[in-house]
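Quick look at run32.cif (mmCIF, C-alpha atoms and all ligand atoms):
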data_my_file
#
loop_
_atom_site.label_atom_id
_atom_site.label_comp_id
_atom_site.auth_asym_id
_atom_site.auth_seq_id
_atom_site.Cartn_x
_atom_site.Cartn_y
_atom_site.Cartn_z
CA MET I 12 -9.40 26.24 77.94
CA PRO I 13 -11.90 27.52 80.53
CA ARG I 14 -12.49 30.84 78.75
CA VAL I 15 -13.64 29.11 75.57
CA SER I 16 -15.88 26.67 77.45
CA ARG I 17 -17.36 29.54 79.40
CA ALA I 18 -18.06 31.47 76.17
CA LEU I 19 -19.65 28.39 74.59
CA SER I 20 -21.79 27.75 77.63
CA LEU I 21 -23.23 31.24 77.26
CA LEU I 22 -24.26 30.72 73.63
CA PRO I 23 -27.99 30.74 73.03
CA LEU I 24 -29.25 27.22 72.41
CA ALA I 25 -30.23 27.89 68.78
CA PHE I 26 -26.75 29.10 67.92
CA ALA I 27 -25.16 26.16 69.72
CA SER I 28 -27.15 23.68 67.61
CA ALA I 29 -26.20 25.61 64.45
CA VAL I 30 -22.55 25.14 65.42
CA PHE I 31 -23.18 21.42 65.87
CA ALA I 32 -25.00 21.13 62.53
CA ALA I 33 -22.14 22.84 60.67
CA ASP I 34 -19.79 20.31 62.19
CA ALA I 35 -22.06 17.29 61.57
CA LYS I 36 -20.07 14.38 60.26
CA ARG I 37 -20.82 13.19 56.75
CA ILE I 38 -19.33 10.37 54.73
CA ALA I 39 -19.61 9.14 51.15
CA VAL I 40 -19.09 5.44 50.40
CA THR I 41 -17.11 4.30 47.37
CA ILE I 42 -16.48 0.67 46.43
CA ASP I 43 -13.59 -0.16 44.11
CA ASP I 44 -12.77 -3.19 41.97
CA VAL I 45 -16.38 -3.96 40.99
CA PRO I 46 -17.35 -6.71 40.26
CA ALA I 47 -14.91 -8.32 42.71
CA ALA I 48 -11.38 -8.45 44.06
CA SER I 49 -10.29 -11.76 45.50
CA ALA I 50 -7.01 -13.29 46.63
CA THR I 51 -8.36 -16.72 45.69
CA ALA I 52 -10.35 -18.04 42.72
CA ILE I 53 -13.90 -16.70 42.57
CA SER I 54 -16.73 -17.91 40.35
CA THR I 55 -19.14 -15.62 38.52
CA GLY I 56 -21.92 -17.06 40.70
CA GLU I 57 -20.12 -16.08 43.91
CA THR I 58 -19.30 -12.68 42.40
CA ALA I 59 -23.00 -12.10 41.73
CA ARG I 60 -23.94 -13.09 45.31
CA LEU I 61 -21.19 -10.89 46.76
CA ASN I 62 -22.52 -7.86 44.87
CA GLU I 63 -26.10 -8.66 45.97
CA GLN I 64 -24.91 -8.65 49.60
CA LEU I 65 -23.12 -5.30 49.14
CA LEU I 66 -26.15 -3.72 47.49
CA ALA I 67 -28.53 -5.07 50.15
CA ALA I 68 -26.41 -3.53 52.94
CA LEU I 69 -26.18 -0.19 51.11
CA LYS I 70 -29.93 -0.09 50.56
CA ARG I 71 -30.65 -1.06 54.18
CA HIS I 72 -28.68 1.98 55.35
CA GLY I 73 -29.98 4.32 52.66
CA VAL I 74 -26.50 4.75 51.20
CA LYS I 75 -26.08 5.91 47.60
CA ALA I 76 -22.60 4.58 46.84
CA VAL I 77 -20.39 4.75 43.77
CA GLY I 78 -19.00 1.45 42.48
CA PHE I 79 -15.80 1.75 40.47
CA VAL I 80 -15.65 -0.80 37.69
CA ASN I 81 -12.76 -2.78 36.25
CA GLU I 82 -14.32 -4.01 33.02
CA ASP I 83 -11.53 -6.55 32.44
CA ARG I 84 -12.96 -8.44 35.44
CA LEU I 85 -16.37 -8.58 33.71
CA LEU I 86 -15.16 -9.97 30.41
CA VAL I 87 -15.00 -13.60 31.51
CA PRO I 88 -15.44 -15.82 28.44
CA GLY I 89 -18.88 -17.42 28.50
CA HIS I 90 -19.98 -15.18 31.40
CA VAL I 91 -20.21 -11.67 29.95
CA ASP I 92 -23.97 -11.67 30.61
CA ASP I 93 -23.23 -12.30 34.31
CA GLY I 94 -20.98 -9.24 34.32
CA ILE I 95 -23.65 -7.12 32.67
CA ALA I 96 -26.12 -8.40 35.28
CA VAL I 97 -23.86 -7.24 38.12
CA LEU I 98 -23.58 -3.69 36.72
CA THR I 99 -27.32 -3.64 36.02
CA ALA I 100 -28.01 -4.65 39.64
CA TRP I 101 -25.95 -1.66 40.85
CA LEU I 102 -27.88 0.75 38.63
CA LYS I 103 -31.27 -0.76 39.51
CA ALA I 104 -30.39 -0.38 43.20
CA GLY I 105 -29.99 3.37 42.61
CA MET I 106 -26.20 3.32 42.92
CA GLU I 107 -23.78 5.09 40.64
CA LEU I 108 -20.99 3.51 38.59
CA GLY I 109 -17.58 4.99 37.91
CA ASN I 110 -14.51 4.01 35.90
CA HIS I 111 -11.54 2.26 37.57
CA ASN I 112 -9.94 1.41 34.19
CA PHE I 113 -9.36 -1.77 32.21
CA GLY I 114 -6.73 -3.92 33.87
CA HIS I 115 -6.40 -1.81 37.04
CA VAL I 116 -3.25 -0.13 35.74
CA GLY I 117 -1.66 2.52 37.92
CA LEU I 118 0.22 5.69 37.07
CA TRP I 119 3.36 4.51 38.83
CA GLN I 120 4.16 1.32 36.92
CA SER I 121 2.46 2.21 33.64
CA SER I 122 2.90 5.18 31.34
CA ARG I 123 0.29 7.92 31.22
CA GLU I 124 -0.49 6.93 27.62
CA ASP I 125 -1.16 3.32 28.67
CA VAL I 126 -3.41 4.39 31.55
CA GLU I 127 -5.33 6.76 29.27
CA ALA I 128 -5.92 3.87 26.87
CA ALA I 129 -7.11 1.74 29.83
CA VAL I 130 -9.59 4.47 30.84
CA LEU I 131 -11.21 4.41 27.39
CA LYS I 132 -11.05 0.64 27.03
CA GLY I 133 -12.60 0.30 30.51
CA GLU I 134 -15.74 2.37 29.90
CA VAL I 135 -17.43 0.50 27.07
CA LEU I 136 -19.96 -1.65 28.96
CA THR I 137 -20.39 0.90 31.73
CA ARG I 138 -21.09 3.75 29.32
CA TRP I 139 -23.64 1.67 27.44
CA LEU I 140 -25.43 0.54 30.61
CA THR I 141 -25.41 3.92 32.35
CA ARG I 142 -26.96 5.45 29.21
CA GLU I 143 -29.61 2.71 29.15
CA HIS I 144 -30.50 3.58 32.76
CA GLN I 145 -30.14 7.34 32.29
CA ALA I 146 -27.46 7.29 34.96
CA PRO I 147 -24.34 9.45 34.90
CA LEU I 148 -20.82 8.15 34.28
CA ARG I 149 -18.75 10.97 35.69
CA TYR I 150 -16.18 9.72 38.21
CA TYR I 151 -12.77 8.15 37.80
CA ARG I 152 -10.93 6.45 40.63
CA HIS I 153 -7.20 6.01 40.06
CA PRO I 154 -6.05 2.41 40.66
CA TYR I 155 -3.85 2.38 43.80
CA THR I 156 -5.00 6.04 44.02
CA GLN I 157 -1.79 6.88 42.17
CA THR I 158 -2.33 10.27 40.56
CA GLY I 159 0.96 10.52 38.68
CA ARG I 160 4.73 10.17 38.83
CA THR I 161 5.28 13.89 38.27
CA GLU I 162 3.22 17.06 38.49
CA ALA I 163 3.29 17.35 34.69
CA ASP I 164 1.92 13.82 34.36
CA ARG I 165 -0.78 14.43 36.95
CA ALA I 166 -1.92 17.64 35.26
CA ALA I 167 -1.88 16.09 31.77
CA PHE I 168 -3.82 13.04 32.96
CA GLU I 169 -6.44 15.17 34.71
CA THR I 170 -6.83 17.26 31.55
CA PHE I 171 -7.42 13.99 29.67
CA LEU I 172 -10.00 12.88 32.25
CA ALA I 173 -11.84 16.21 32.07
CA ALA I 174 -11.88 16.05 28.26
CA HIS I 175 -13.64 12.69 28.55
CA GLY I 176 -16.16 13.93 31.11
CA TYR I 177 -14.53 12.48 34.22
CA THR I 178 -14.05 14.03 37.64
CA VAL I 179 -11.39 12.51 39.91
CA ALA I 180 -12.88 10.66 42.89
CA PRO I 181 -10.56 11.29 45.84
CA MET I 182 -10.72 9.28 49.08
CA THR I 183 -10.00 10.36 52.62
CA ILE I 184 -10.56 7.19 54.67
CA GLU I 185 -9.31 3.72 54.02
CA HIS I 186 -8.71 1.08 56.61
CA ASP I 187 -6.66 -1.61 54.89
CA ASP I 188 -9.65 -3.65 53.83
CA TYR I 189 -7.55 -5.48 51.22
CA PHE I 190 -5.22 -6.66 54.02
CA PHE I 191 -8.06 -8.14 56.08
CA ALA I 192 -9.81 -9.38 52.92
CA CYS I 193 -6.80 -11.41 51.79
CA VAL I 194 -6.80 -13.34 55.07
CA TYR I 195 -10.60 -13.70 54.92
CA ASP I 196 -10.42 -15.06 51.36
CA HIS I 197 -7.97 -17.74 52.50
CA LEU I 198 -10.18 -18.78 55.43
CA GLY I 199 -13.12 -19.81 53.27
CA ALA I 200 -13.43 -23.41 54.49
CA PRO I 201 -16.39 -24.15 56.81
CA HIS I 202 -14.10 -25.17 59.70
CA GLU I 203 -12.44 -21.70 59.58
CA ALA I 204 -15.60 -19.87 60.67
CA ALA I 205 -14.15 -18.91 64.07
CA ARG I 206 -11.01 -17.39 62.53
CA ARG I 207 -13.13 -15.58 59.91
CA GLN I 208 -15.14 -14.06 62.76
CA THR I 209 -11.94 -12.89 64.46
CA VAL I 210 -10.83 -11.20 61.23
CA ALA I 211 -14.24 -9.50 60.93
CA ASP I 212 -14.08 -8.30 64.55
CA GLU I 213 -10.55 -6.95 64.16
CA TYR I 214 -11.57 -5.30 60.88
CA ASP I 215 -14.35 -3.41 62.67
CA ALA I 216 -11.96 -2.38 65.46
CA HIS I 217 -9.48 -1.15 62.83
CA LEU I 218 -12.25 0.91 61.19
CA ARG I 219 -12.93 2.66 64.50
CA THR I 220 -9.22 3.40 65.04
CA SER I 221 -8.77 4.59 61.46
CA VAL I 222 -11.80 6.90 61.53
CA ARG I 223 -10.43 8.58 64.67
CA VAL I 224 -7.10 9.16 62.93
CA PHE I 225 -8.68 10.71 59.80
CA GLU I 226 -10.95 12.88 61.95
CA THR I 227 -7.85 14.14 63.76
CA MET I 228 -6.18 14.93 60.44
CA SER I 229 -9.27 16.83 59.25
CA GLN I 230 -9.46 18.79 62.48
CA GLU I 231 -5.75 19.69 62.46
CA LEU I 232 -5.69 20.65 58.78
CA LEU I 233 -9.09 22.29 58.28
CA GLY I 234 -10.26 23.03 61.81
CA ARG I 235 -13.44 21.06 61.13
CA GLN I 236 -14.74 17.72 59.89
CA VAL I 237 -14.56 17.48 56.11
CA PRO I 238 -17.20 15.27 54.46
CA GLN I 239 -15.13 12.09 54.39
CA ILE I 240 -14.91 9.67 51.44
CA LEU I 241 -14.53 6.02 52.41
CA LEU I 242 -12.77 3.67 50.01
CA ILE I 243 -13.45 -0.04 50.31
CA HIS I 244 -13.37 -2.88 47.78
CA ALA I 245 -15.94 -5.31 46.39
CA ASN I 246 -14.74 -8.45 48.16
CA ARG I 247 -16.02 -11.31 50.33
CA LEU I 248 -15.08 -9.56 53.56
CA ASN I 249 -17.09 -6.43 52.78
CA ALA I 250 -19.98 -8.47 51.41
CA ASP I 251 -20.22 -10.18 54.81
CA THR I 252 -19.48 -7.10 56.96
CA LEU I 253 -20.73 -3.99 55.13
CA ASP I 254 -23.90 -3.92 57.22
CA ARG I 255 -21.74 -3.83 60.37
CA THR I 256 -19.35 -1.25 58.87
CA LEU I 257 -22.22 1.10 58.05
CA THR I 258 -23.75 0.55 61.50
CA THR I 259 -20.39 1.42 63.08
CA LEU I 260 -20.09 4.61 61.01
CA ALA I 261 -23.62 5.64 61.99
CA GLU I 262 -22.75 4.93 65.64
CA LEU I 263 -19.69 7.16 65.27
CA GLY I 264 -22.02 10.00 64.27
CA TYR I 265 -21.85 9.84 60.47
CA THR I 266 -24.61 10.62 58.03
CA PHE I 267 -24.24 9.02 54.61
CA VAL I 268 -24.14 11.39 51.64
CA PRO I 269 -23.65 10.78 47.92
CA LEU I 270 -20.18 11.44 46.52
CA ASP I 271 -21.32 14.52 44.59
CA GLU I 272 -22.54 16.11 47.81
CA ALA I 273 -19.25 15.42 49.63
CA LEU I 274 -17.28 16.85 46.71
CA ARG I 275 -19.19 20.14 46.90
CA ASP I 276 -17.21 20.92 50.06
CA GLU I 277 -14.55 23.54 49.30
CA ALA I 278 -11.81 21.31 50.77
CA TYR I 279 -12.00 19.23 47.60
CA ARG I 280 -10.78 22.28 45.67
CA LEU I 281 -7.50 22.27 47.63
CA PRO I 282 -4.39 21.37 45.63
CA ALA I 283 -3.02 17.84 45.92
CA ARG I 284 0.26 17.08 44.23
CA ALA I 285 1.10 14.00 42.16
CA SER I 286 1.08 11.02 44.50
CA GLY I 287 4.09 9.15 43.15
CA ARG I 288 4.01 5.49 44.10
CA PHE I 289 2.00 5.61 47.31
CA GLY I 290 -1.53 6.94 47.32
CA PRO I 291 -2.46 8.19 50.78
CA SER I 292 -5.66 9.89 51.97
CA TRP I 293 -6.34 13.24 50.32
CA LEU I 294 -6.08 14.72 53.82
CA ALA I 295 -2.37 13.80 53.78
CA ARG I 296 -1.99 15.11 50.20
CA TRP I 297 -3.58 18.46 51.05
CA ALA I 298 -1.39 18.79 54.15
CA ARG I 299 1.72 18.03 52.12
CA ALA I 300 0.78 20.53 49.39
CA GLN I 301 0.27 23.23 52.02
CA GLY I 302 3.36 22.33 54.02
CA VAL I 303 1.18 21.81 57.10
CA LYS I 304 2.55 19.39 59.68
CA LEU I 305 0.01 16.97 61.15
CA SER I 306 0.38 14.72 64.20
CA VAL I 307 -0.71 11.68 62.12
CA TYR I 308 -0.71 10.85 58.40
CA GLY I 309 -2.92 7.81 58.10
CA GLN I 310 -4.19 4.77 59.90
CA PRO I 311 -1.84 2.56 61.95
CA ASP I 312 -0.86 -0.86 60.60
CA PRO I 313 -3.40 -3.59 61.33
CA GLU I 314 -2.57 -5.53 64.47
CA GLY I 315 -4.15 -8.37 66.42
CA ARG I 316 -4.30 -11.95 65.18
CA THR I 317 -5.01 -10.95 61.56
CA ALA I 318 -1.46 -9.63 61.09
CA PRO I 319 0.38 -12.96 61.70
CA TRP I 320 -2.30 -14.81 59.70
CA HIS I 321 -1.67 -12.37 56.86
CA ALA I 322 2.07 -13.08 57.02
CA GLN I 323 1.31 -16.79 56.90
CA LEU I 324 -1.43 -16.85 54.26
CA CYS I 325 -0.87 -13.83 52.04
CA SER I 326 2.89 -13.51 51.66
CA ARG I 327 4.03 -14.65 48.26
ZN ZN I 401 -8.65 -0.83 42.81
#

Could you render the structure as structure tokens?
Amino acid sequence: MPRVSRALSLLPLAFASAVFAADAKRIAVTIDDVPAASATAISTGETARLNEQLLAALKRHGVKAVGFVNEDRLLVPGHVDDGIAVLTAWLKAGMELGNHNFGHVGLWQSSREDVEAAVLKGEVLTRWLTREHQAPLRYYRHPYTQTGRTEADRAAFETFLAAHGYTVAPMTIEHDDYFFACVYDHLGAPHEAARRQTVADEYDAHLRTSVRVFETMSQELLGRQVPQILLIHANRLNADTLDRTLTTLAELGYTFVPLDEALRDEAYRLPARASGRFGPSWLARWARAQGVKLSVYGQPDPEGRTAPWHAQLCSR
């Protein structure tokens, strides 16, 4: 469009940089399934190390992330102190904790009443520790990001969350980390180092592809770049690669912001209907609620060598 380019080229420099600043790309980082999600057995010692690695990478990049806790994963007989130590490490590192419910029960397979019970059962340790550290406990992340079977269910559940002081934590970017992580978990033996590296490399490539897709969705729907919210999980893969992931995001032009800052953007006030079974990016939910047609609705399926390894190692 030569006329537009011509007009832009005539803008005074100060105004041009204001345009750029308004469009600066921001991203909040959220990590689900704290203390750890693993496709294979994981000890409390390895869980502690994995969380230390995650926290070190976050601190190195100045990221204030929210970790969403499944307290059932902390209540390991004989190791409850280890679980408390993991949550304490998050708070001491200046991170925030949120609720991801007890048992990771979703609103598709379980009734709203059962999920509500899991929310309350899943906040006991976290509420105690956040109070001890004068930290807030204000966000809830739906397991599987399922927000309800029906609109009535979604609305009733969100009323319940609000009554208990919780704000829903949406997400706009995910890049199938659980898919790559399952393969990575199964390649733990020392002689598998080369294949683990391939998975890590393909995971980074998939992040780059996925970010481009979600930026396209934001541009088509909102005409600008929304502050994105990345969802990843506490797992071995991210423990080993979070530093690289954050470096990649910075390279792609992102500034890291806390979740509360991202949520102040007016886009997060847009309606999003009950998800049903599948929980896509909020960008797709907003588009669907508005009846806006986008050219893409989420990241492509992972390809490369990880995909056949996944079929081989992770199929039940
Ligand atoms: Zn989860």

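Across the structure, CA of Leu305 in chain I and CA of Val237 in chain I are spaced 15.4 Å apart.
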
Return as a VMD selection string the residues of protein, DNA or RNA that approach ligand ZN 401 (chain I) to within 7 Å, with only C-alpha atoms and all ligand atoms taken into account. chain I and resid 43 to 44 111 115 154 to 155

Considering all atoms listed in the file, return as a ChimeraX atom specification whatever protein or nucleic-acid residues lie within 9 Å of Tyr189 in chain I, sequence-local ones (same chain, fewer than 4 positions apart) excluded. /I:48-49,193-194,243-244,246,248

So which residues fall inside 12 Å of (1.5, 7.9, 52.2) if we count only C-alpha atoms? Mind giving them as a PyMOL selection string? chain I and resi 155-157+183+185+285-299+307-311

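Picture a line from CA of Arg247 in chain I to CA of Arg37 in chain I; it runs 25.8 Å.
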
Find the residues around Ala211 in chain I up to 12 Å (all atoms listed in the file counted), leave out those fewer than 3 positions away in its own chain, and share them as a JSON list (two decimals) with C-alpha atoms, keeping the file's coordinate frame.
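This is the output file result01.json:
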[["chain", "number", "residue", "atom", "x", "y", "z"],
["I", 188, "ASP", "CA", -9.65, -3.65, 53.83],
["I", 190, "PHE", "CA", -5.22, -6.66, 54.02],
["I", 191, "PHE", "CA", -8.06, -8.14, 56.08],
["I", 192, "ALA", "CA", -9.81, -9.38, 52.92],
["I", 193, "CYS", "CA", -6.80, -11.41, 51.79],
["I", 194, "VAL", "CA", -6.80, -13.34, 55.07],
["I", 195, "TYR", "CA", -10.60, -13.70, 54.92],
["I", 196, "ASP", "CA", -10.42, -15.06, 51.36],
["I", 198, "LEU", "CA", -10.18, -18.78, 55.43],
["I", 204, "ALA", "CA", -15.60, -19.87, 60.67],
["I", 205, "ALA", "CA", -14.15, -18.91, 64.07],
["I", 206, "ARG", "CA", -11.01, -17.39, 62.53],
["I", 207, "ARG", "CA", -13.13, -15.58, 59.91],
["I", 208, "GLN", "CA", -15.14, -14.06, 62.76],
["I", 214, "TYR", "CA", -11.57, -5.30, 60.88],
["I", 215, "ASP", "CA", -14.35, -3.41, 62.67],
["I", 216, "ALA", "CA", -11.96, -2.38, 65.46],
["I", 217, "HIS", "CA", -9.48, -1.15, 62.83],
["I", 218, "LEU", "CA", -12.25, 0.91, 61.19],
["I", 247, "ARG", "CA", -16.02, -11.31, 50.33],
["I", 248, "LEU", "CA", -15.08, -9.56, 53.56],
["I", 249, "ASN", "CA", -17.09, -6.43, 52.78],
["I", 250, "ALA", "CA", -19.98, -8.47, 51.41],
["I", 251, "ASP", "CA", -20.22, -10.18, 54.81],
["I", 252, "THR", "CA", -19.48, -7.10, 56.96],
["I", 253, "LEU", "CA", -20.73, -3.99, 55.13],
["I", 254, "ASP", "CA", -23.90, -3.92, 57.22],
["I", 255, "ARG", "CA", -21.74, -3.83, 60.37],
["I", 256, "THR", "CA", -19.35, -1.25, 58.87],
["I", 315, "GLY", "CA", -4.15, -8.37, 66.42],
["I", 316, "ARG", "CA", -4.30, -11.95, 65.18],
["I", 317, "THR", "CA", -5.01, -10.95, 61.56]]

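Shortest atom-to-atom contact with His321 in chain I among I:Glu127, I:Val116, I:Ala50, I:Val45: I:Ala50, counting only C-alpha atoms.
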
Would you kindly return, as a ChimeraX atom specification, each protein, DNA or RNA residue with an atom no farther than 12 Å from any atom of Glu277 in chain I, considering all atoms listed in the file and excluding same-chain residues fewer than 3 positions away? /I:233,237-238,272-274,280-282

Among the residues I:Leu260, I:Leu148, I:Cys325, I:Val97, the one that comes closest to Leu241 in chain I [using all atoms listed in the file]: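 Of the candidates, the smallest distance to Leu241 in chain I is held by I:Leu260.
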
What is the CA of Ala146 in chain I to CA of Asn110 in chain I distance in Å?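 Taking CA of Ala146 in chain I and CA of Asn110 in chain I, their separation equals 13.4 Å.
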
Among I:Ala100, I:Ala128, I:Val224, I:Leu263, Leu61 in chain I is approached most closely, using only C-alpha atoms, by I:Ala100

Of the listed residues I:Arg284, I:Pro88, I:His197, I:Tyr177, that which approaches Ala163 in chain I most closely, counting all atoms listed in the file: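 The answer is I:Arg284, which sits nearest to Ala163 in chain I.
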
Measuring between all atoms listed in the file, which one of I:Leu242, I:Ala104, I:Ala39, I:Asp312 shows the shortest distance to Arg275 in chain I? I:Ala39

Spatial neighbours of Thr41 in chain I, 10 Å, all atoms listed in the file, chain gap at least 5 places, as a PyMOL selection string: chain I and resi 75-79+107-109+152+180-182+240-245+269-270

Nearest-residue call for His144 in chain I, choices I:Val40, I:Leu98, I:Val268, I:Leu85, using only C-alpha atoms: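 Among the listed residues, I:Leu98 lies closest to His144 in chain I.
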
Using 4 Å of padding on each side, determine the axis-aligned box around all atoms of range 266-274 of chain I present in the file and give its centre and edge lengths in Å to one decimal, as AutoDock Vina command-line options.
--center_x -20.9 --center_y 12.9 --center_z 51.3 --size_x 15.3 --size_y 15.8 --size_z 21.4

Pull the neighbourhood of (-16.7, -9.0, 32.1) for me: all residues within 12 Å in file coordinates, counting all atoms listed in the file, as a PDB file with C-alpha atoms, in the coordinates of the input.
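Contents of the output file selection-v3.pdb:
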ATOM      1  CA  VAL I  45     -16.380  -3.960  40.990  1.00  0.00           C
ATOM      2  CA  PRO I  46     -17.350  -6.710  40.260  1.00  0.00           C
ATOM      3  CA  ALA I  47     -14.910  -8.320  42.710  1.00  0.00           C
ATOM      4  CA  THR I  55     -19.140 -15.620  38.520  1.00  0.00           C
ATOM      5  CA  THR I  58     -19.300 -12.680  42.400  1.00  0.00           C
ATOM      6  CA  ALA I  59     -23.000 -12.100  41.730  1.00  0.00           C
ATOM      7  CA  VAL I  80     -15.650  -0.800  37.690  1.00  0.00           C
ATOM      8  CA  ASN I  81     -12.760  -2.780  36.250  1.00  0.00           C
ATOM      9  CA  GLU I  82     -14.320  -4.010  33.020  1.00  0.00           C
ATOM     10  CA  ASP I  83     -11.530  -6.550  32.440  1.00  0.00           C
ATOM     11  CA  ARG I  84     -12.960  -8.440  35.440  1.00  0.00           C
ATOM     12  CA  LEU I  85     -16.370  -8.580  33.710  1.00  0.00           C
ATOM     13  CA  LEU I  86     -15.160  -9.970  30.410  1.00  0.00           C
ATOM     14  CA  VAL I  87     -15.000 -13.600  31.510  1.00  0.00           C
ATOM     15  CA  PRO I  88     -15.440 -15.820  28.440  1.00  0.00           C
ATOM     16  CA  GLY I  89     -18.880 -17.420  28.500  1.00  0.00           C
ATOM     17  CA  HIS I  90     -19.980 -15.180  31.400  1.00  0.00           C
ATOM     18  CA  VAL I  91     -20.210 -11.670  29.950  1.00  0.00           C
ATOM     19  CA  ASP I  92     -23.970 -11.670  30.610  1.00  0.00           C
ATOM     20  CA  ASP I  93     -23.230 -12.300  34.310  1.00  0.00           C
ATOM     21  CA  GLY I  94     -20.980  -9.240  34.320  1.00  0.00           C
ATOM     22  CA  ILE I  95     -23.650  -7.120  32.670  1.00  0.00           C
ATOM     23  CA  ALA I  96     -26.120  -8.400  35.280  1.00  0.00           C
ATOM     24  CA  VAL I  97     -23.860  -7.240  38.120  1.00  0.00           C
ATOM     25  CA  LEU I  98     -23.580  -3.690  36.720  1.00  0.00           C
ATOM     26  CA  PHE I 113      -9.360  -1.770  32.210  1.00  0.00           C
ATOM     27  CA  GLY I 114      -6.730  -3.920  33.870  1.00  0.00           C
ATOM     28  CA  GLY I 133     -12.600   0.300  30.510  1.00  0.00           C
ATOM     29  CA  GLU I 134     -15.740   2.370  29.900  1.00  0.00           C
ATOM     30  CA  VAL I 135     -17.430   0.500  27.070  1.00  0.00           C
ATOM     31  CA  LEU I 136     -19.960  -1.650  28.960  1.00  0.00           C
ATOM     32  CA  THR I 137     -20.390   0.900  31.730  1.00  0.00           C
TER      33      THR I 137
END

Please rebuild range 242-255 of chain I with N, CA, C and O atoms and give the result as an mmCIF file, in the coordinates of the input.
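And here is the file that came out, out.cif:
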data_model
loop_
_atom_site.group_PDB
_atom_site.id
_atom_site.type_symbol
_atom_site.label_atom_id
_atom_site.label_comp_id
_atom_site.auth_asym_id
_atom_site.auth_seq_id
_atom_site.Cartn_x
_atom_site.Cartn_y
_atom_site.Cartn_z
ATOM 1 N N LEU I 242 -13.098 4.580 51.113
ATOM 2 C CA LEU I 242 -12.770 3.670 50.010
ATOM 3 C C LEU I 242 -12.684 2.248 50.547
ATOM 4 O O LEU I 242 -11.871 1.960 51.416
ATOM 5 N N ILE I 243 -13.556 1.392 50.029
ATOM 6 C CA ILE I 243 -13.450 -0.040 50.310
ATOM 7 C C ILE I 243 -13.543 -0.785 48.971
ATOM 8 O O ILE I 243 -13.751 -0.154 47.937
ATOM 9 N N HIS I 244 -13.377 -2.090 49.007
ATOM 10 C CA HIS I 244 -13.370 -2.880 47.780
ATOM 11 C C HIS I 244 -14.531 -3.883 47.769
ATOM 12 O O HIS I 244 -15.009 -4.303 48.826
ATOM 13 N N ALA I 245 -14.921 -4.265 46.549
ATOM 14 C CA ALA I 245 -15.940 -5.310 46.390
ATOM 15 C C ALA I 245 -15.236 -6.649 46.635
ATOM 16 O O ALA I 245 -14.533 -7.160 45.765
ATOM 17 N N ASN I 246 -15.382 -7.169 47.831
ATOM 18 C CA ASN I 246 -14.740 -8.450 48.160
ATOM 19 C C ASN I 246 -15.622 -9.212 49.151
ATOM 20 O O ASN I 246 -16.635 -8.695 49.625
ATOM 21 N N ARG I 247 -15.204 -10.455 49.443
ATOM 22 C CA ARG I 247 -16.020 -11.310 50.330
ATOM 23 C C ARG I 247 -16.153 -10.694 51.714
ATOM 24 O O ARG I 247 -17.212 -10.746 52.338
ATOM 25 N N LEU I 248 -15.057 -10.132 52.208
ATOM 26 C CA LEU I 248 -15.080 -9.560 53.560
ATOM 27 C C LEU I 248 -16.134 -8.460 53.660
ATOM 28 O O LEU I 248 -16.962 -8.467 54.587
ATOM 29 N N ASN I 249 -16.113 -7.520 52.709
ATOM 30 C CA ASN I 249 -17.090 -6.430 52.780
ATOM 31 C C ASN I 249 -18.510 -6.913 52.502
ATOM 32 O O ASN I 249 -19.465 -6.370 53.053
ATOM 33 N N ALA I 250 -18.643 -7.923 51.648
ATOM 34 C CA ALA I 250 -19.980 -8.470 51.410
ATOM 35 C C ALA I 250 -20.573 -8.955 52.732
ATOM 36 O O ALA I 250 -21.733 -8.709 53.044
ATOM 37 N N ASP I 251 -19.736 -9.628 53.541
ATOM 38 C CA ASP I 251 -20.220 -10.180 54.810
ATOM 39 C C ASP I 251 -20.317 -9.133 55.922
ATOM 40 O O ASP I 251 -21.022 -9.358 56.914
ATOM 41 N N THR I 252 -19.578 -8.030 55.812
ATOM 42 C CA THR I 252 -19.480 -7.100 56.960
ATOM 43 C C THR I 252 -19.961 -5.685 56.668
ATOM 44 O O THR I 252 -19.925 -4.848 57.572
ATOM 45 N N LEU I 253 -20.393 -5.383 55.430
ATOM 46 C CA LEU I 253 -20.730 -3.990 55.130
ATOM 47 C C LEU I 253 -21.848 -3.464 56.029
ATOM 48 O O LEU I 253 -21.824 -2.305 56.458
ATOM 49 N N ASP I 254 -22.807 -4.327 56.334
ATOM 50 C CA ASP I 254 -23.900 -3.920 57.220
ATOM 51 C C ASP I 254 -23.314 -3.422 58.555
ATOM 52 O O ASP I 254 -23.694 -2.373 59.071
ATOM 53 N N ARG I 255 -22.375 -4.186 59.095
ATOM 54 C CA ARG I 255 -21.740 -3.830 60.370
ATOM 55 C C ARG I 255 -20.906 -2.548 60.224
ATOM 56 O O ARG I 255 -20.936 -1.675 61.100
#
